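Everything on this sheet refers to the single structure shown next.
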Amino acid sequence: QNKSYLNYAIQLFNDIRTAEIRDPQSHTRGIWWSNKHTGAATASNMGPVITAGMLYRLTQRIEYLDFAQRVYKYWYDNMVIHSTAQVVDFLQPDGKKNTVPLTYDQGLAIGASLTLYKLTGQPSYLKQSKAYAEFVMNKMSNNGVLAEAVCINRVGECRKNIDLVQFKGITFLYLVKLVQEVPSLTKLHSFLDRTAQSLWQNARNPNSGLFAHEWDGTDRAAFDAFPSASSAALALG
């Protein structure tokens, strides 16, 4: 093993850790989205939770696990709608929240909670991971296939957003990790299988090998690299 990669990962993580928001009592309030302190996002919180968990697994340094648990707790307590398990996307400095449901927010929450479950064995983390996945299947599905909720029934409107068309791959990756951990989740297994089959059969251009952004095939007007990069996550899963 080349420890230079691990050392570089630690260096990058230490930079992320400096963005942790603390109140006057030194309690965490999440992690800033950018150096300009424009707000905090699920991506800038649940992502570092996963990273901290990986570093703890590799180094056994308790500081990484402590960081992961406190950041996750803050985000879960304040940025998850507990009645539905929807993960809120963004928290502005004035306290306003962007509640538009996005697939990668759910995916990162699944990844973060599953990471903590595997490290601690606490059943609550696994329960939360399953709830996030259930929201995806119930609210982020078109024709039984993984879809961006804001794009359903809006054919063509989302393809110009190069960020939006890449989110689903993150979600699929962590949904696969969840069903690998809990093979008895047959509904989720069927959902993933149906999504993968549809992506290949309905959203792929057989000539170019590129994919459309709607995985159920409802918008085949454009095939390009951005949704194709997202689609590649299925192979990683």
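If you're wondering about the labels, chains in the structure tokens are A, B, ... by order shown, residues count from 1 in each chain, ligands from 1 in order shown.
Residues in contact with A:Tyr104 at 9 Å, where only C-alpha atoms are counted and same-chain residues fewer than 4 positions away are skipped, are listed as Thr42, Ala43, Leu108, Ala109, Gln166, Phe167, Lys168, Gly169, Ile170, Thr171 and Phe172 of chain A.
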For N, CA and C atoms, I'd like the residues from the last selection saved as a CSV table (one decimal), in the first residue's frame.
```
chain,number,residue,atom,x,y,z
A,42,THR,N,-26.0,19.7,2.0
A,42,THR,CA,-25.9,18.2,2.3
A,42,THR,C,-24.6,17.7,1.7
A,43,ALA,N,-24.3,18.2,0.6
A,43,ALA,CA,-23.0,17.7,-0.1
A,43,ALA,C,-21.8,18.0,0.8
A,108,LEU,N,-26.2,10.7,-0.6
A,108,LEU,CA,-25.2,10.9,0.4
A,108,LEU,C,-25.6,10.6,1.8
A,109,ALA,N,-26.9,10.9,2.1
A,109,ALA,CA,-27.4,10.5,3.4
A,109,ALA,C,-27.4,9.0,3.7
A,166,GLN,N,-26.2,14.7,-13.3
A,166,GLN,CA,-25.2,13.8,-12.8
A,166,GLN,C,-25.5,13.3,-11.4
A,167,PHE,N,-26.6,13.8,-10.8
A,167,PHE,CA,-26.9,13.4,-9.4
A,167,PHE,C,-27.3,12.0,-9.1
A,168,LYS,N,-28.0,11.4,-10.1
A,168,LYS,CA,-28.6,10.1,-9.9
A,168,LYS,C,-27.5,9.0,-9.6
A,169,GLY,N,-26.4,9.2,-10.3
A,169,GLY,CA,-25.3,8.2,-10.1
A,169,GLY,C,-24.9,8.0,-8.7
A,170,ILE,N,-24.8,9.1,-8.0
A,170,ILE,CA,-24.4,9.1,-6.6
A,170,ILE,C,-25.4,8.3,-5.8
A,171,THR,N,-26.7,8.5,-6.0
A,171,THR,CA,-27.7,7.9,-5.3
A,171,THR,C,-27.7,6.4,-5.6
A,172,PHE,N,-27.6,6.0,-6.9
A,172,PHE,CA,-27.6,4.6,-7.2
A,172,PHE,C,-26.4,3.9,-6.5
```
Write out as a PyMOL selection string the set of residues from chain A that DSSP, computed on the backbone, places in helix (DSSP H, G or I).
chain A and resi 3-17+43-59+62-79+103-120+123-139+149-151+164-181+186-202+225-231+233-236
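Here atom CA of A:Trp215 and atom CA of A:Ala131 stand 22.9 Å from one another.
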So that I can see what lies close to stretch 79-88 of chain A, please list as a ChimeraX atom specification the residues with an atom at most 10 Å from it, counting only C-alpha atoms and leaving out residues fewer than 4 positions away in the same chain.
/A:41-42,72-75,97-109,128-136,138-139
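Picture a line from atom CA of A:Ile10 to atom CA of A:Leu91; it runs 26.5 Å.
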Could you please write out, as a PyMOL selection string, every residue of stretch 65-232 of chain A that DSSP assigns to strand (DSSP E)?
chain A and resi 80-81+86-87+90-91+97-98+141-142+145-146
Nearest to A:Asn161: which of A:Tyr117, A:Ala149, A:Glu63, A:His213 is it, counting only C-alpha atoms?
A:His213
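Candidate residues A:Leu199, A:Asp94, A:Leu178, A:Asp89 were compared for distance to A:Tyr125, and the nearest is A:Leu178, using only C-alpha atoms.
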With a distance cut-off of 7 Å and only C-alpha atoms, select the neighbouring residues of A:Gln92, excluding the residue or stretch itself and same-chain residues fewer than 5 positions from it, and output the selection as a list in words.
Thr38, Gly39, Ala40 and Lys97 of chain A
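In this model, the gap between atom CA of A:Ser208 and atom CA of A:Thr195 comes to 20.5 Å.
Closest to A:Thr120 among A:Asp77, A:Asp66, A:Glu148, A:Asp163 is A:Asp66, based on only C-alpha atoms.
Among A:Gln25, A:Asn78, A:Asn35, A:Thr115, the residue with the shortest atom-to-atom distance to A:Ala52, counting only C-alpha atoms, is A:Thr115.
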